[in-house]
Amino acid sequence: MPEPAQAAVVRVRGLVSRFGAQVVHDGLDMEVRANEIFGVVGGSGTGKTVLLRTILGLRAPDAGTVELYGKDVQQLAAGDRSALVRSCGVTFQNGALISSLTVAQNIQLPLREYHPVSEHTLGQLAELNLALVGLTPDAGTKYPSQLSGGMVKRAALARALSMEPKLLFLDEPTAGLDPISAAAFDELLLYLHSQLRLTVVMITHDLDTLFRTCNRVGVIVDGRMISDTLGGLMQNQNPWIREYFHGPRARAAEKDVHG
Amino acid sequence: MTVLELEREGDDWRLHLDGDWSLEAMAPIEAQLRALPDGLRGTLVCDWSRAEAPGIGPAWVLLMRLAELGAPPLDVRHTGDPPHFLELLQKLEAEPRAAPASSEAGTGLEHSVSEVGRWAVLQGTEGRAVIGFFGRLVTVFQEAFSRPRALRPSSLARHIYETGITAIPIVSLIAFLISVIVAYLGAQQLNKFGADIFVVDLVTISVLREMGVLLTAIIVAGRSGSAFAAEIGVMQLNEETDALRAMGMNPIELLVVPRLLALVIALPLLTVIADAMGLAGGALLSLVNLHIPLPQFTSRLRESLAPTTFWAGLIKAPVFAILIAMVGTYRGMQVRDSARELGRLTTVAVVQSIFLVILADAIFAVVFVQIDF
């Protein structure tokens with residue numbers, strides 16, 4: 001079934017990433033369309049996080065191009081790139097909350113940097129973002145070290161949302177969470193996706209999350225990406241993909257969603 | 001730039017939202033919302049038809065402001081294609097939110113008394129913690145010496161290399177330069193009395209007794225004391241020390257003992273090098289500036305030296321080493337929670353170890369004079 005042509009929000013073409021002699025990406029293509037939740041999976045060391053860092057311009061590609069909203073990230077002047085990246089929300093694997101600031105201050109950090117508004121309003125905006133991710137205002141006064149793993153993930157998401165991005169990158173958002181918190185995070189993500197009309201690119205190993213939330217999934221195999229809907233990937237004959245989507249854990253996750 | 005306009009419409013109010021309502025325009029939106037009159041009554045209709053790219057943040061701030069406008073709460077309605085997330089915001093708004101905790105501010109006197117009390121208690125617990133650390137260190141040492149493997153030769157060697165060998169160039173350079181400076185300035189004064197030759201006494205005694213060891217200790221406190229605190233501090237932040245404890249190993253034995261021993265070995269050796277370089281600097285300056293040939297310098301040096309002069313300096317080195325290593329590792333072990341703590345405690349480690357080194361040096365000076373060492 002051909003899908004209607006939609007504007008690509010993220011377009012990666014022929015990406016090559018090398019670390020010394022080791023080639024991680026070898027001509028990788030990727031396309032994320034507006035308003036979808038795109039999952040990125042792959043074995044350990046296949047360069048999922050490297051891909052994310054490259055898209056965000058934190059790492060220069062060794063070859064190939066990365067476009068966000070049709071603009072080549074590497075070709076932009078520093079100021080334009082900063083503005084473009086600012087319109088994306090990012091959460092990192094371990095939260096990467098600034099440890100010397102409270103959660104509320106973490107959320108206000110980019111707001112304070114770019115918008116000259118009063119403390120009162122900053123407080124309201126922090127409260128809004130905390131409420132969006134299901135945290136109480138009380139959590140805003142805590143320091144990152146005082147939070148549980150699930151709260152760190154939510155706080156990181158709140159910080160990522162604070163600049164009202166249209167495009168959200170999540171690096172392993174449910175890793176290290178208990179199944180209940182992980183499921184709650186899935187629901188939260190779906191909810192925000194529908195309410196805020198976000199485009200989400202998510203690196204995940206959590207098959208439950210993958211089946212529950214993602215419209216399309218890109219699998220990194222042999223340095224390239226195979227993107228398809230979950231249904232399409234289930235039919236794919238690539239041995240790694242077969243093993244990934246037909247292993248015992250995948251079957252269980254699939255049954256939970258469809259059964 | 002006008003972003004909103006309040007209009008009377010019969011008994012009701014109509015609020016036109018105009019122009020850019022994205023997060024970018026947060027500042028003017030905030031200011032103009034603030035300027036809305038309080039104490040409105042009746043129904044207020046928000047007209048979104050002219051708002052461009054409304055953002056969720058500005059919309060939230062608007063709702064918050066509207067909620068506090070009416071004396072009896074206003075009946076707020078939205079028209080003109082309100083943004084899709086408005087429903088979500090109204091739901092969030094309806095949820096009970098705890099009022100921000102107001103900090104209890106006591107009277108000035110009460111506050112200052114409680115501050116003093118807090119400080120005193122903090123000093124007390126800090127003192128206890130230091131004594132506890134020292135005690136644990138002693139027991140670990142006691143045990144380690146009965147079990148030589150616990151002294152970890154490879155780790156010890158690495159730390160001797162890092163704190164000792166790699167410090168040789170900077171210690172040599174500084175000892176050499178300082179002693180040249182002392183000799184040069186001393187020569188200017190002694191020259192007035194025609195007592196040039198006493199420059200040799202000045203240089204040898206000051207370098208061997210005091211400056212060689214003190215400068216070395218201060219350099220090492222800056223180099224290695226900070227490194228100890230930072231290394232152990234990062235391990236604390238990464239829960240590496242907890243992992244060691246959980247595996248039944250003692251972080252003090254693994255992390256503190258090798259560093260302390262290494263410094264106790266390295267600092268005296270560095271002091272000897274600093275002494276040698278200091279004397280070389282004095283000799284060079286005497287030769288160039290005062291035309292005292294080297295043989296004369298060395299014979300004068302032998303005359304001026306008491307047998308204990310060299311040892312009076314060197315004996316202090318291990319003590320300084322213990323102080324520097326203990327402060328550095330202790331502060332490192334104290335790091336908790338945040339990167340800022342790491343920076344603060346690393347600074348504290350350097351400042352305190354330099355202070356303690358100088359304090360100990362003063363005590364040594366008095367004691368040596370009293371016992372005529």
# chains A, B, ... in the order shown; residues from 1 in each chain; ligands from 1

$ residues_around --residues "B:Leu151" --least-positions-apart "2" --cutoff "9 Å" --atoms "only C-alpha atoms" --output "PyMOL selection string"
chain B and resi 141+144-145+147-149+153-156+253-254+257-258+261

$ write_last_selection --atoms "C-alpha atoms" --output "mmCIF file, in the first residue's frame"
data_model
loop_
_atom_site.group_PDB
_atom_site.id
_atom_site.type_symbol
_atom_site.label_atom_id
_atom_site.label_comp_id
_atom_site.auth_asym_id
_atom_site.auth_seq_id
_atom_site.Cartn_x
_atom_site.Cartn_y
_atom_site.Cartn_z
ATOM 1 C CA PHE B 141 47.163 0.546 56.488
ATOM 2 C CA ALA B 144 47.694 -3.719 54.249
ATOM 3 C CA PHE B 145 51.203 -3.955 55.654
ATOM 4 C CA ARG B 147 49.401 -8.459 53.505
ATOM 5 C CA PRO B 148 51.856 -7.000 50.982
ATOM 6 C CA ARG B 149 49.600 -7.739 48.027
ATOM 7 C CA PRO B 153 52.661 -2.563 43.485
ATOM 8 C CA SER B 154 51.421 -1.856 39.948
ATOM 9 C CA SER B 155 49.005 0.826 41.078
ATOM 10 C CA LEU B 156 51.696 2.243 43.349
ATOM 11 C CA GLU B 253 42.578 0.292 50.245
ATOM 12 C CA LEU B 254 42.252 0.449 46.482
ATOM 13 C CA VAL B 257 46.481 3.737 50.055
ATOM 14 C CA PRO B 258 48.368 3.606 46.720
ATOM 15 C CA LEU B 261 52.155 5.723 49.622
#

$ interface_residues --of "chain A" --to "chain B" --cutoff "8 Å" --atoms "only C-alpha atoms" --output "JSON, numbers by chain"
{"A": [99, 100, 115, 116, 117, 121, 124, 125, 128, 131, 132, 136, 137, 138, 145, 163, 164, 195, 196]}

$ closest_residue --among "A:Asn236, A:Thr199, A:Gln74, A:Ser181" --to "A:Val9" --atoms "only C-alpha atoms"
A:Thr199

$ residues_around --residues "A:Ala83" --least-positions-apart "6" --cutoff "12 Å" --atoms "only C-alpha atoms" --output "ChimeraX atom specification"
/A:56-57,68,71,73,76-77,89,110,114,163,165 /B:24

$ write_last_selection --atoms "C-alpha atoms" --output "CSV table (one decimal), in the first residue's frame"
chain,number,residue,atom,x,y,z
A,56,LEU,CA,21.9,16.9,15.3
A,57,GLY,CA,25.2,18.2,13.9
A,68,LEU,CA,16.5,18.7,8.6
A,71,LYS,CA,18.2,22.2,5.0
A,73,VAL,CA,22.9,20.8,8.5
A,76,LEU,CA,24.4,26.1,7.4
A,77,ALA,CA,26.2,29.0,9.1
A,89,GLY,CA,14.0,18.5,21.2
A,110,PRO,CA,17.0,27.2,27.3
A,114,TYR,CA,16.6,32.7,24.5
A,163,MET,CA,11.4,25.0,23.5
A,165,PRO,CA,9.9,21.5,19.2
B,24,GLU,CA,9.4,33.6,20.3

$ select_by_dssp --residues "stretch 27-203 of chain A" --states "strand (DSSP E)" --output "VMD selection string"
chain A and resid 27 to 33 37 to 42 63 to 68 71 to 72 88 to 91 167 to 171 199 to 203

$ write_last_selection --atoms "C-alpha atoms" --output "mmCIF file, in the first residue's frame"
data_model
loop_
_atom_site.group_PDB
_atom_site.id
_atom_site.type_symbol
_atom_site.label_atom_id
_atom_site.label_comp_id
_atom_site.auth_asym_id
_atom_site.auth_seq_id
_atom_site.Cartn_x
_atom_site.Cartn_y
_atom_site.Cartn_z
ATOM 1 C CA GLY A 27 25.942 4.608 2.707
ATOM 2 C CA LEU A 28 23.037 4.860 5.108
ATOM 3 C CA ASP A 29 19.787 6.416 3.885
ATOM 4 C CA MET A 30 16.994 7.458 6.189
ATOM 5 C CA GLU A 31 13.851 9.454 5.803
ATOM 6 C CA VAL A 32 11.447 10.564 8.508
ATOM 7 C CA ARG A 33 8.136 12.079 7.484
ATOM 8 C CA ILE A 37 6.956 8.139 15.199
ATOM 9 C CA PHE A 38 10.018 6.612 13.638
ATOM 10 C CA GLY A 39 11.855 3.901 15.539
ATOM 11 C CA VAL A 40 15.551 3.205 14.998
ATOM 12 C CA VAL A 41 16.768 -0.252 15.976
ATOM 13 C CA GLY A 42 19.964 -2.177 15.432
ATOM 14 C CA ALA A 63 30.481 11.364 3.666
ATOM 15 C CA GLY A 64 26.855 11.929 2.729
ATOM 16 C CA THR A 65 24.357 14.611 3.701
ATOM 17 C CA VAL A 66 21.920 15.218 6.519
ATOM 18 C CA GLU A 67 18.915 17.450 5.948
ATOM 19 C CA LEU A 68 16.501 18.745 8.560
ATOM 20 C CA LYS A 71 18.238 22.215 4.975
ATOM 21 C CA ASP A 72 21.673 20.627 4.932
ATOM 22 C CA CYS A 88 14.417 20.036 17.816
ATOM 23 C CA GLY A 89 13.983 18.507 21.246
ATOM 24 C CA VAL A 90 16.505 15.887 22.303
ATOM 25 C CA THR A 91 16.763 13.512 25.213
ATOM 26 C CA LEU A 167 10.686 17.320 16.030
ATOM 27 C CA LEU A 168 11.740 15.208 18.971
ATOM 28 C CA PHE A 169 14.731 12.867 19.173
ATOM 29 C CA LEU A 170 14.700 10.287 21.930
ATOM 30 C CA ASP A 171 17.680 8.075 22.680
ATOM 31 C CA THR A 199 7.429 14.130 14.767
ATOM 32 C CA VAL A 200 9.422 11.681 16.858
ATOM 33 C CA VAL A 201 12.630 9.835 16.046
ATOM 34 C CA MET A 202 13.294 7.266 18.727
ATOM 35 C CA ILE A 203 16.208 4.932 19.248
#

$ decode --residues "stretch 56-193 of chain A" --atoms "C-alpha atoms" --output "tab-separated table (two decimals), in the first residue's frame"
chain	number	residue	atom	x	y	z
A	56	LEU	CA	21.91	16.86	15.30
A	57	GLY	CA	25.17	18.17	13.88
A	58	LEU	CA	27.16	17.11	16.94
A	59	ARG	CA	29.35	15.03	14.65
A	60	ALA	CA	30.36	15.76	11.07
A	61	PRO	CA	29.57	12.94	8.63
A	62	ASP	CA	32.56	11.39	6.84
A	63	ALA	CA	30.48	11.36	3.67
A	64	GLY	CA	26.86	11.93	2.73
A	65	THR	CA	24.36	14.61	3.70
A	66	VAL	CA	21.92	15.22	6.52
A	67	GLU	CA	18.92	17.45	5.95
A	68	LEU	CA	16.50	18.75	8.56
A	69	TYR	CA	13.39	20.33	7.07
A	70	GLY	CA	15.18	20.34	3.71
A	71	LYS	CA	18.24	22.22	4.97
A	72	ASP	CA	21.67	20.63	4.93
A	73	VAL	CA	22.88	20.79	8.53
A	74	GLN	CA	26.56	20.89	7.65
A	75	GLN	CA	26.18	23.68	5.07
A	76	LEU	CA	24.43	26.10	7.42
A	77	ALA	CA	26.18	28.96	9.14
A	78	ALA	CA	26.72	28.38	12.86
A	79	GLY	CA	23.90	30.71	13.89
A	80	ASP	CA	21.36	29.15	11.53
A	81	ARG	CA	22.39	25.68	12.60
A	82	SER	CA	21.93	26.61	16.25
A	83	ALA	CA	18.45	27.94	15.46
A	84	LEU	CA	17.58	24.82	13.49
A	85	VAL	CA	18.82	22.47	16.19
A	86	ARG	CA	17.00	24.56	18.78
A	87	SER	CA	13.75	23.70	17.04
A	88	CYS	CA	14.42	20.04	17.82
A	89	GLY	CA	13.98	18.51	21.25
A	90	VAL	CA	16.51	15.89	22.30
A	91	THR	CA	16.76	13.51	25.21
A	92	PHE	CA	19.98	11.62	25.82
A	93	GLN	CA	20.44	8.08	27.02
A	94	ASN	CA	21.18	8.99	30.62
A	95	GLY	CA	18.98	12.05	30.78
A	96	ALA	CA	21.91	14.45	30.70
A	97	LEU	CA	20.17	16.80	33.12
A	98	ILE	CA	22.56	19.45	34.42
A	99	SER	CA	23.39	18.07	37.85
A	100	SER	CA	23.89	21.37	39.62
A	101	LEU	CA	20.46	22.73	38.65
A	102	THR	CA	17.04	21.68	39.89
A	103	VAL	CA	14.65	20.02	37.46
A	104	ALA	CA	12.70	23.26	37.04
A	105	GLN	CA	15.91	25.19	36.38
A	106	ASN	CA	16.91	22.55	33.85
A	107	ILE	CA	13.64	23.10	32.01
A	108	GLN	CA	14.00	26.87	32.18
A	109	LEU	CA	17.62	26.81	31.02
A	110	PRO	CA	16.97	27.15	27.25
A	111	LEU	CA	13.96	29.45	27.86
A	112	ARG	CA	16.04	31.75	30.01
A	113	GLU	CA	18.77	31.76	27.38
A	114	TYR	CA	16.56	32.74	24.47
A	115	HIS	CA	13.51	34.53	25.88
A	116	PRO	CA	13.71	37.46	28.30
A	117	VAL	CA	10.66	36.74	30.46
A	118	SER	CA	9.96	37.14	34.16
A	119	GLU	CA	10.64	34.56	36.86
A	120	HIS	CA	6.92	34.24	37.39
A	121	THR	CA	6.30	33.24	33.79
A	122	LEU	CA	9.34	30.97	33.76
A	123	GLY	CA	7.84	29.24	36.78
A	124	GLN	CA	4.55	28.79	34.95
A	125	LEU	CA	6.27	27.41	31.87
A	126	ALA	CA	8.30	24.95	33.97
A	127	GLU	CA	5.07	23.87	35.64
A	128	LEU	CA	3.44	23.38	32.24
A	129	ASN	CA	6.25	21.20	30.93
A	130	LEU	CA	6.32	19.17	34.14
A	131	ALA	CA	2.55	18.67	33.89
A	132	LEU	CA	2.86	17.64	30.24
A	133	VAL	CA	5.16	14.76	31.17
A	134	GLY	CA	3.12	13.86	34.23
A	135	LEU	CA	5.38	15.24	36.95
A	136	THR	CA	4.12	17.28	39.89
A	137	PRO	CA	5.42	20.84	40.42
A	138	ASP	CA	7.03	19.43	43.54
A	139	ALA	CA	9.43	17.42	41.33
A	140	GLY	CA	10.66	20.69	39.87
A	141	THR	CA	12.37	21.67	43.09
A	142	LYS	CA	14.44	18.50	43.22
A	143	TYR	CA	17.95	17.96	41.91
A	144	PRO	CA	18.54	15.28	39.26
A	145	SER	CA	20.38	13.08	41.77
A	146	GLN	CA	17.24	12.95	43.91
A	147	LEU	CA	15.08	11.53	41.13
A	148	SER	CA	14.30	7.93	40.26
A	149	GLY	CA	15.25	6.57	36.85
A	150	GLY	CA	11.75	7.00	35.45
A	151	MET	CA	11.51	10.56	36.73
A	152	VAL	CA	14.86	11.40	35.15
A	153	LYS	CA	13.55	10.22	31.78
A	154	ARG	CA	10.41	12.29	32.20
A	155	ALA	CA	12.32	15.35	33.37
A	156	ALA	CA	14.63	15.03	30.37
A	157	LEU	CA	11.59	14.88	28.13
A	158	ALA	CA	10.15	17.96	29.84
A	159	ARG	CA	13.38	19.83	29.13
A	160	ALA	CA	13.29	18.65	25.52
A	161	LEU	CA	9.71	19.92	25.18
A	162	SER	CA	10.38	23.28	26.77
A	163	MET	CA	11.37	24.96	23.50
A	164	GLU	CA	8.20	23.66	21.84
A	165	PRO	CA	9.92	21.52	19.24
A	166	LYS	CA	8.10	20.06	16.29
A	167	LEU	CA	10.69	17.32	16.03
A	168	LEU	CA	11.74	15.21	18.97
A	169	PHE	CA	14.73	12.87	19.17
A	170	LEU	CA	14.70	10.29	21.93
A	171	ASP	CA	17.68	8.07	22.68
A	172	GLU	CA	16.56	4.93	24.48
A	173	PRO	CA	13.75	6.67	26.40
A	174	THR	CA	12.53	3.52	28.13
A	175	ALA	CA	15.87	1.81	28.79
A	176	GLY	CA	16.30	1.01	32.46
A	177	LEU	CA	12.64	1.55	33.34
A	178	ASP	CA	10.43	-1.06	34.91
A	179	PRO	CA	7.71	-2.40	32.58
A	180	ILE	CA	5.00	-0.32	34.22
A	181	SER	CA	6.96	2.93	33.92
A	182	ALA	CA	8.01	2.00	30.39
A	183	ALA	CA	4.39	1.35	29.40
A	184	ALA	CA	3.38	4.64	30.99
A	185	PHE	CA	6.11	6.36	29.00
A	186	ASP	CA	4.77	4.80	25.79
A	187	GLU	CA	1.31	6.14	26.54
A	188	LEU	CA	2.74	9.54	27.41
A	189	LEU	CA	4.62	9.63	24.14
A	190	LEU	CA	1.55	8.66	22.11
A	191	TYR	CA	-0.50	11.25	23.97
A	192	LEU	CA	2.00	14.05	23.39
A	193	HIS	CA	2.43	12.96	19.81
